[in-house]
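What's in protein_35.txt: compact mmCIF, C-alpha atoms and all ligand atoms
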# COMPACT_ATOMS: atom_id res chain seq x y z
CA MET A 142 0.00 0.00 0.00
CA ARG A 143 2.18 2.83 -1.28
CA PHE A 144 -0.46 5.54 -0.81
CA LYS A 145 -2.14 4.57 2.44
CA ASP A 146 -4.11 7.52 3.88
CA LYS A 147 -3.13 9.81 1.00
CA VAL A 148 -5.91 11.86 -0.60
CA ALA A 149 -6.05 12.16 -4.40
CA LEU A 150 -8.27 14.48 -6.43
CA VAL A 151 -8.64 13.26 -10.01
CA THR A 152 -10.52 15.41 -12.53
CA GLY A 153 -12.43 13.86 -15.42
CA SER A 154 -12.42 10.57 -13.55
CA ALA A 155 -15.90 9.25 -14.38
CA GLN A 156 -14.48 7.11 -17.20
CA GLY A 157 -11.40 6.29 -19.27
CA ILE A 158 -7.93 7.26 -18.11
CA GLY A 159 -9.17 9.22 -15.08
CA ARG A 160 -11.15 6.23 -13.85
CA GLY A 161 -8.10 4.00 -14.34
CA ILE A 162 -5.90 6.42 -12.39
CA SER A 163 -8.46 6.65 -9.56
CA LEU A 164 -8.77 2.87 -9.21
CA ALA A 165 -4.98 2.44 -9.30
CA PHE A 166 -4.48 4.96 -6.47
CA ALA A 167 -7.31 3.39 -4.47
CA GLY A 168 -5.74 -0.04 -5.00
CA GLU A 169 -2.60 1.36 -3.34
CA GLY A 170 -4.52 2.68 -0.33
CA ALA A 171 -5.44 6.26 -1.31
CA ASP A 172 -8.80 7.94 -0.70
CA ILE A 173 -10.18 9.46 -3.90
CA ILE A 174 -12.28 12.41 -4.96
CA VAL A 175 -13.86 11.51 -8.29
CA ALA A 176 -14.51 14.91 -9.91
CA ASP A 177 -16.33 15.13 -13.22
CA VAL A 178 -19.09 16.99 -15.07
CA ASN A 179 -20.80 13.62 -15.37
CA LEU A 180 -21.96 12.94 -11.80
CA LYS A 181 -23.91 9.79 -12.71
CA GLU A 182 -20.83 8.00 -14.07
CA ALA A 183 -18.63 9.47 -11.32
CA GLU A 184 -20.95 7.83 -8.77
CA LYS A 185 -20.26 4.43 -10.35
CA VAL A 186 -16.50 4.97 -9.99
CA ARG A 187 -17.04 6.06 -6.38
CA ARG A 188 -18.79 2.75 -5.71
CA GLU A 189 -15.93 0.82 -7.34
CA ILE A 190 -13.45 2.60 -5.06
CA LYS A 191 -15.59 1.94 -1.98
CA ALA A 192 -15.55 -1.74 -2.93
CA LEU A 193 -11.76 -1.58 -2.66
CA GLY A 194 -12.20 -0.47 0.95
CA ARG A 195 -11.19 3.15 0.48
CA GLN A 196 -12.97 6.43 1.19
CA ALA A 197 -14.37 8.06 -1.93
CA GLU A 198 -16.49 11.02 -2.88
CA ALA A 199 -18.06 11.76 -6.26
CA VAL A 200 -18.38 15.48 -6.98
CA GLU A 201 -19.96 17.26 -9.91
CA LEU A 202 -17.23 19.60 -11.11
CA ASP A 203 -16.78 21.62 -14.28
CA VAL A 204 -13.09 22.50 -14.29
CA THR A 205 -13.69 25.55 -16.51
CA ASP A 206 -15.36 27.47 -13.68
CA LEU A 207 -12.76 28.77 -11.21
CA SER A 208 -15.23 29.85 -8.52
CA LYS A 209 -16.95 26.42 -8.63
CA VAL A 210 -13.53 24.76 -8.43
CA GLN A 211 -12.75 26.83 -5.29
CA ASP A 212 -16.17 26.06 -3.71
CA THR A 213 -15.87 22.35 -4.46
CA LEU A 214 -12.36 22.26 -3.05
CA ASN A 215 -13.54 23.88 0.19
CA LYS A 216 -16.23 21.20 0.56
CA ILE A 217 -13.67 18.47 -0.15
CA LEU A 218 -11.32 19.92 2.49
CA ASP A 219 -14.12 19.95 5.09
CA LYS A 220 -14.26 16.18 4.75
CA PHE A 221 -10.76 15.06 3.74
CA LYS A 222 -8.70 17.88 5.39
CA LYS A 223 -5.90 17.73 2.80
CA ILE A 224 -5.03 17.01 -0.83
CA ASP A 225 -1.83 15.04 -1.37
CA ILE A 226 -2.23 14.40 -5.10
CA LEU A 227 -3.97 16.34 -7.87
CA VAL A 228 -4.33 14.75 -11.30
CA ASN A 229 -5.48 17.23 -13.95
CA ASN A 230 -6.98 14.73 -16.36
CA ALA A 231 -10.27 16.27 -17.59
CA GLY A 232 -10.02 16.84 -21.32
CA ILE A 233 -12.03 16.99 -24.53
CA THR A 234 -11.50 16.97 -28.29
CA ARG A 235 -13.41 18.96 -30.95
CA ASP A 236 -11.49 18.04 -34.09
CA ASN A 237 -11.58 20.03 -37.33
CA LEU A 238 -9.16 21.33 -39.93
CA ILE A 239 -8.01 24.84 -39.07
CA LEU A 240 -9.87 26.39 -42.01
CA ARG A 241 -13.12 24.88 -40.78
CA MET A 242 -12.51 25.14 -37.06
CA SER A 243 -15.01 27.47 -35.39
CA GLU A 244 -14.11 29.87 -32.62
CA ALA A 245 -16.32 27.79 -30.32
CA GLU A 246 -14.36 24.59 -31.16
CA TRP A 247 -11.08 26.40 -30.58
CA ALA A 248 -12.09 28.12 -27.35
CA GLY A 249 -14.03 25.17 -25.93
CA VAL A 250 -11.04 22.83 -26.04
CA LEU A 251 -8.63 25.45 -24.69
CA LYS A 252 -11.08 26.19 -21.87
CA VAL A 253 -11.47 22.62 -20.62
CA ASN A 254 -7.97 21.31 -21.26
CA LEU A 255 -5.73 24.28 -20.49
CA THR A 256 -7.81 26.72 -18.41
CA GLY A 257 -9.26 23.77 -16.47
CA THR A 258 -5.74 22.63 -15.58
CA PHE A 259 -4.85 26.20 -14.57
CA ASN A 260 -7.99 26.53 -12.41
CA CYS A 261 -7.47 23.31 -10.47
CA THR A 262 -3.72 23.88 -10.09
CA LYS A 263 -4.31 27.42 -8.79
CA ALA A 264 -6.91 26.29 -6.25
CA VAL A 265 -5.10 23.17 -5.04
CA SER A 266 -1.59 24.65 -4.98
CA ARG A 267 -2.76 27.08 -2.27
CA VAL A 268 -3.60 24.05 -0.10
CA MET A 269 -0.38 22.23 -0.99
CA LEU A 270 1.74 25.32 -0.25
CA LYS A 271 0.30 25.38 3.28
CA GLN A 272 0.89 21.64 3.66
CA LYS A 273 4.44 22.06 2.31
CA SER A 274 3.93 18.95 0.24
CA GLY A 275 2.07 17.73 -2.81
CA LYS A 276 2.19 16.04 -6.19
CA ILE A 277 0.52 17.53 -9.24
CA ILE A 278 0.26 15.43 -12.39
CA ASN A 279 -1.04 16.95 -15.61
CA ILE A 280 -2.30 14.75 -18.41
CA ALA A 281 -0.96 16.24 -21.65
CA SER A 282 -0.64 14.31 -24.92
CA ILE A 283 1.97 13.43 -27.53
CA ILE A 284 -0.16 15.61 -29.84
CA GLY A 285 1.08 18.58 -27.79
CA ILE A 286 4.62 17.59 -28.82
CA ILE A 287 4.24 16.47 -32.45
CA GLY A 288 0.95 18.11 -33.58
CA ASN A 289 -1.80 16.35 -35.54
CA ILE A 290 -3.97 17.18 -38.52
CA GLY A 291 -7.41 18.33 -37.35
CA GLN A 292 -6.30 19.05 -33.80
CA ALA A 293 -5.02 22.65 -33.78
CA ASN A 294 -7.09 23.37 -30.66
CA TYR A 295 -6.19 20.13 -28.86
CA SER A 296 -2.46 20.24 -29.71
CA ALA A 297 -2.20 23.88 -28.60
CA SER A 298 -3.99 23.08 -25.33
CA LYS A 299 -1.69 20.13 -24.61
CA ALA A 300 1.49 22.06 -25.52
CA GLY A 301 0.18 24.74 -23.14
CA ILE A 302 -0.16 22.13 -20.40
CA ILE A 303 3.46 21.08 -20.91
CA ALA A 304 4.62 24.71 -20.54
CA LEU A 305 2.31 25.29 -17.56
CA THR A 306 3.85 22.19 -15.94
CA LYS A 307 7.37 23.61 -16.31
CA THR A 308 6.45 26.96 -14.81
CA THR A 309 4.35 25.70 -11.89
CA ALA A 310 7.09 23.16 -11.10
CA LYS A 311 9.53 26.05 -10.67
CA GLU A 312 7.08 28.17 -8.65
CA LEU A 313 6.11 25.39 -6.24
CA ALA A 314 9.39 23.50 -5.89
CA SER A 315 10.60 25.29 -2.76
CA ARG A 316 7.56 23.97 -0.84
CA ASN A 317 8.21 20.34 -1.70
CA ILE A 318 5.57 20.17 -4.45
CA ASN A 319 6.39 18.21 -7.60
CA VAL A 320 4.61 19.07 -10.83
CA ASN A 321 4.98 16.76 -13.80
CA ALA A 322 3.08 15.86 -16.95
CA ILE A 323 2.35 12.64 -18.77
CA ALA A 324 2.01 12.66 -22.55
CA PRO A 325 0.01 9.58 -23.51
CA GLY A 326 -0.01 8.23 -27.04
CA PHE A 327 -3.08 6.34 -28.25
CA ILE A 328 -4.98 4.98 -25.24
CA LYS A 329 -8.13 2.87 -25.61
CA THR A 330 -10.98 4.92 -24.08
CA GLN A 331 -14.29 6.44 -25.17
CA MET A 332 -12.31 9.43 -26.49
CA THR A 333 -10.43 7.31 -29.06
CA GLU A 334 -13.23 4.79 -29.65
CA LYS A 335 -15.05 7.28 -31.89
CA LEU A 336 -12.12 7.59 -34.35
CA PRO A 337 -12.62 6.00 -37.80
CA GLU A 338 -11.21 2.46 -38.15
CA GLU A 339 -8.76 3.46 -40.91
CA ILE A 340 -7.22 6.16 -38.67
CA LYS A 341 -6.89 3.63 -35.86
CA ALA A 342 -5.18 1.13 -38.21
CA LYS A 343 -2.78 3.85 -39.42
CA MET A 344 -1.90 4.78 -35.84
CA LEU A 345 -1.37 1.17 -34.80
CA ALA A 346 1.10 0.74 -37.65
CA GLU A 347 3.15 3.62 -36.16
CA ILE A 348 3.41 2.11 -32.66
CA PRO A 349 6.65 0.10 -32.25
CA LEU A 350 5.21 -1.87 -29.32
CA ALA A 351 2.38 -2.86 -31.69
CA ARG A 352 -0.56 -2.28 -29.36
CA PHE A 353 -2.73 0.58 -28.19
CA GLY A 354 -2.20 1.70 -24.63
CA ASN A 355 -4.76 1.21 -21.90
CA PRO A 356 -5.64 3.40 -18.90
CA GLN A 357 -3.51 1.19 -16.64
CA ASP A 358 -0.38 2.19 -18.61
CA ILE A 359 -1.03 5.83 -17.71
CA ALA A 360 -2.09 4.97 -14.16
CA ASN A 361 1.23 3.15 -13.59
CA THR A 362 3.15 6.30 -14.55
CA CYS A 363 0.91 8.36 -12.23
CA LEU A 364 1.71 6.03 -9.34
CA PHE A 365 5.42 6.59 -9.99
CA LEU A 366 5.05 10.39 -10.28
CA ALA A 367 3.01 10.56 -7.07
CA SER A 368 5.43 8.37 -5.12
CA GLU A 369 8.60 9.21 -3.22
CA GLU A 370 10.54 7.29 -5.89
CA SER A 371 10.14 10.33 -8.17
CA SER A 372 10.83 12.97 -5.51
CA TYR A 373 13.78 14.43 -7.49
CA ILE A 374 11.77 14.78 -10.71
CA THR A 375 9.82 17.96 -11.42
CA GLY A 376 8.76 20.00 -14.46
CA GLN A 377 9.06 16.98 -16.74
CA THR A 378 6.80 15.42 -19.33
CA ILE A 379 6.94 11.63 -19.52
CA VAL A 380 5.87 10.20 -22.87
CA VAL A 381 3.86 6.96 -22.54
CA ASP A 382 3.12 5.96 -26.11
CA GLY A 383 4.54 2.53 -26.94
CA GLY A 384 7.46 4.23 -28.71
CA MET A 385 5.31 6.19 -31.18
CA VAL A 386 7.09 9.57 -30.86
N1 LIG B 1 -7.33 8.45 -24.93
C1 LIG B 1 -6.20 8.86 -25.46
O1 LIG B 1 -5.67 8.28 -26.42
C2 LIG B 1 -5.49 10.06 -24.91
C3 LIG B 1 -4.23 10.37 -25.43
C4 LIG B 1 -3.55 11.46 -24.93
C5 LIG B 1 -4.11 12.22 -23.92
N2 LIG B 1 -5.34 11.90 -23.44
C6 LIG B 1 -5.87 12.75 -22.39
O2 LIG B 1 -6.23 11.98 -21.27
C7 LIG B 1 -7.31 12.61 -20.58
C8 LIG B 1 -8.45 11.61 -20.39
O3 LIG B 1 -8.85 11.15 -21.67
P1 LIG B 1 -9.81 9.90 -21.91
O4 LIG B 1 -9.32 9.24 -23.13
O5 LIG B 1 -9.97 9.14 -20.65
O6 LIG B 1 -11.15 10.70 -22.29
P2 LIG B 1 -12.68 10.41 -21.94
O7 LIG B 1 -13.46 11.25 -22.90
O8 LIG B 1 -12.94 8.95 -21.90
O9 LIG B 1 -12.82 10.99 -20.46
C9 LIG B 1 -12.73 12.37 -20.19
C10 LIG B 1 -13.50 12.68 -18.92
O10 LIG B 1 -13.40 14.09 -18.69
C11 LIG B 1 -14.68 14.57 -18.29
N3 LIG B 1 -14.79 16.00 -18.57
C12 LIG B 1 -14.97 16.60 -19.78
N4 LIG B 1 -15.09 17.92 -19.63
C13 LIG B 1 -14.97 18.19 -18.30
C14 LIG B 1 -15.02 19.37 -17.52
N5 LIG B 1 -15.22 20.57 -18.08
N6 LIG B 1 -14.86 19.28 -16.17
C15 LIG B 1 -14.68 18.06 -15.60
N7 LIG B 1 -14.66 16.90 -16.28
C16 LIG B 1 -14.78 16.96 -17.63
C17 LIG B 1 -15.66 13.73 -19.08
O11 LIG B 1 -16.97 13.76 -18.53
C18 LIG B 1 -14.99 12.36 -19.01
O12 LIG B 1 -15.42 11.64 -17.88
C19 LIG B 1 -7.70 13.83 -21.41
O13 LIG B 1 -7.07 14.97 -20.91
C20 LIG B 1 -7.15 13.48 -22.79
O14 LIG B 1 -6.88 14.62 -23.55
C21 LIG B 1 -6.06 10.84 -23.91
The structure given in the file should be rewritten as structure tokens.
Amino acid sequence: MRFKDKVALVTGSAQGIGRGISLAFAGEGADIIVADVNLKEAEKVRREIKALGRQAEAVELDVTDLSKVQDTLNKILDKFKKIDILVNNAGITRDNLILRMSEAEWAGVLKVNLTGTFNCTKAVSRVMLKQKSGKIINIASIIGIIGNIGQANYSASKAGIIALTKTTAKELASRNINVNAIAPGFIKTQMTEKLPEEIKAKMLAEIPLARFGNPQDIANTCLFLASEESSYITGQTIVVDGGMV
């Protein structure tokens, strides 16, 4: 039990990678706040965590709204008293070629992925600064490193997360807070399920390890980045992509 009595807040954790991360931390003894816009699905994850014998709370949270993030955090602190780990995982795609991309598609993705990460980091870092400890893990993407046709909004948001990670790591380092990012490649979730089969086949052909990733692959890296084994690592982006980039 590497995370016994630790408290982890995972955004966008009602399904996919966030759910996988939450269950992995709970499996190692952590109590989890499952925060998502989709409360119904978040409740299911909460029950799965309870079944592992850990404390869990499902909260309806839209990461784009800073004042709601602050309010929700205050309620969480009333119950859990501290936040040891924040995983900024909530993210969306609204793909389109740049010539066709609407302002709403551009701004919507930036708002959830990048501003959402800013909002939660700002709110939680205040708590972690007081605690003089904490681990912040931001879920970026290899698309933020290499770009991708049809994903100007998404790639810009994820590159922004990588830069935000570097800066917050420097700002928070003196108080024993580590901030790192993970850049997943192609991970099997509802987000990637909707891609056309021919795109999936093309991507698979570009993965040296010859398989798509699964949420557990990302969760394993989160466990490392939240553990004492990575205490001398901060401001970094770890690529978890089967060798694709
Ligand atoms: N699946 C992949 O291949 C892949 C690759 C690289 C990076 N990522 C990143 O990993 C993260 C999780 O992706 P996933 O594949 O599990 O996606 P997903 O669509 O399965 O899950 C995303 C979750 O985020 C929640 N969410 C959306 N908007 C929100 C908001 N405003 N506030 C709070 N929650 C919100 C959704 O309700 C959902 O539960 C995302 O940041 C995504 O960009 C995924």
Can you work out which one of A:Ile162, A:Val228, A:Ala314, A:Ile174 has the shortest atom-to-atom distance to Lys273 (chain A), counting all atoms listed in the file? A:Ala314
So, counting all atoms listed in the file, which residue among A:Gln211, A:Gln196, A:Ser315, A:Thr152 is closest to Lys263 (chain A)? A:Gln211
Let me have the centre and edge lengths in Å, one decimal, of the box along x, y and z around every listed atom of ligand LIG 1 (chain B) with 6 Å of margin on each side, as JSON.
{"center_x": -10.3, "center_y": 14.4, "center_z": -21.0, "size_x": 25.4, "size_y": 24.3, "size_z": 22.8}
Using all atoms listed in the file, find each protein or nucleic acid residue lying at most 7 Å from ligand LIG 1 (chain B); present the set as number ranges by chain. A: 152-159, 176-179, 202-205, 230-233, 253-254, 257, 280-283, 324-333
Just the residues within 9 Å of Val268 (chain A), please, counting only C-alpha atoms, with nothing from its chain fewer than 4 positions along; format it as a PyMOL selection string. chain A and resi 223-224+264+272-273+275
Wanna dump the region 183-292 of chain A-region 335-349 of chain A contacts at 12 Å for me, each residue with its shortest atom pair and the distance in Å to one decimal, counting all atoms listed in the file, ordered by chain and number, as CSV?
residue,atom,partner,partner_atom,distance
A:Thr234,CA,A:Lys335,CA,10.9
A:Arg235,CA,A:Lys335,CA,11.8
A:Asp236,CA,A:Leu336,CA,10.5
A:Asn289,CA,A:Met344,CA,11.6
A:Ile290,CA,A:Ile340,CA,11.5
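In this model, the gap between CA of Met385 (chain A) and CA of Gly285 (chain A) comes to 13.5 Å.
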For Asp225 (chain A), which of A:Ile359, A:Ala367, A:Val381, A:Ile303 is the closest residue, counting all atoms listed in the file? A:Ala367
Counting all atoms listed in the file, note down every residue that has an atom within 12 Å of the point (-17.6, 1.2, -9.4) (file coordinates), as an MDAnalysis selection string. chainID A and resid 154:156 160:161 163:164 167 175 181:195 197:199
Store the residues picked out above, limited to C-alpha atoms, as a PDB file, in the coordinates of the input.
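Result went into selection-v7.pdb, see below:
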ATOM      1  CA  SER A 154     -12.420  10.570 -13.550  1.00  0.00           C
ATOM      2  CA  ALA A 155     -15.900   9.250 -14.380  1.00  0.00           C
ATOM      3  CA  GLN A 156     -14.480   7.110 -17.200  1.00  0.00           C
ATOM      4  CA  ARG A 160     -11.150   6.230 -13.850  1.00  0.00           C
ATOM      5  CA  GLY A 161      -8.100   4.000 -14.340  1.00  0.00           C
ATOM      6  CA  SER A 163      -8.460   6.650  -9.560  1.00  0.00           C
ATOM      7  CA  LEU A 164      -8.770   2.870  -9.210  1.00  0.00           C
ATOM      8  CA  ALA A 167      -7.310   3.390  -4.470  1.00  0.00           C
ATOM      9  CA  VAL A 175     -13.860  11.510  -8.290  1.00  0.00           C
ATOM     10  CA  LYS A 181     -23.910   9.790 -12.710  1.00  0.00           C
ATOM     11  CA  GLU A 182     -20.830   8.000 -14.070  1.00  0.00           C
ATOM     12  CA  ALA A 183     -18.630   9.470 -11.320  1.00  0.00           C
ATOM     13  CA  GLU A 184     -20.950   7.830  -8.770  1.00  0.00           C
ATOM     14  CA  LYS A 185     -20.260   4.430 -10.350  1.00  0.00           C
ATOM     15  CA  VAL A 186     -16.500   4.970  -9.990  1.00  0.00           C
ATOM     16  CA  ARG A 187     -17.040   6.060  -6.380  1.00  0.00           C
ATOM     17  CA  ARG A 188     -18.790   2.750  -5.710  1.00  0.00           C
ATOM     18  CA  GLU A 189     -15.930   0.820  -7.340  1.00  0.00           C
ATOM     19  CA  ILE A 190     -13.450   2.600  -5.060  1.00  0.00           C
ATOM     20  CA  LYS A 191     -15.590   1.940  -1.980  1.00  0.00           C
ATOM     21  CA  ALA A 192     -15.550  -1.740  -2.930  1.00  0.00           C
ATOM     22  CA  LEU A 193     -11.760  -1.580  -2.660  1.00  0.00           C
ATOM     23  CA  GLY A 194     -12.200  -0.470   0.950  1.00  0.00           C
ATOM     24  CA  ARG A 195     -11.190   3.150   0.480  1.00  0.00           C
ATOM     25  CA  ALA A 197     -14.370   8.060  -1.930  1.00  0.00           C
ATOM     26  CA  GLU A 198     -16.490  11.020  -2.880  1.00  0.00           C
ATOM     27  CA  ALA A 199     -18.060  11.760  -6.260  1.00  0.00           C
TER      28      ALA A 199
END
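CA of Cys261 (chain A) to CA of Val386 (chain A) spans 28.6 Å [interatomic distance, one decimal].
Distances to Val265 (chain A) were evaluated for A:Leu150, A:Val200, A:Cys363, A:Val250 using only C-alpha atoms, and the minimum falls at A:Leu150.
The interatomic distance for the pair CA of Gly288 (chain A) and CA of Val320 (chain A) works out to 23.1 Å.
Nearest residue to Ser371 (chain A) among A:Thr306, A:Leu238, A:Glu312, A:Lys276 is A:Lys276, counting only C-alpha atoms.
Of the residues listed (A:Leu180, A:Leu240, A:Leu251, A:Ala351), A:Leu251 shows the shortest atom-to-atom separation from Tyr295 (chain A); distances use all atoms listed in the file.
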Shell of 8 Å around region 372-375 of chain A, all atoms listed in the file, local chain residues under 2 positions omitted, as a count of residues only: 11
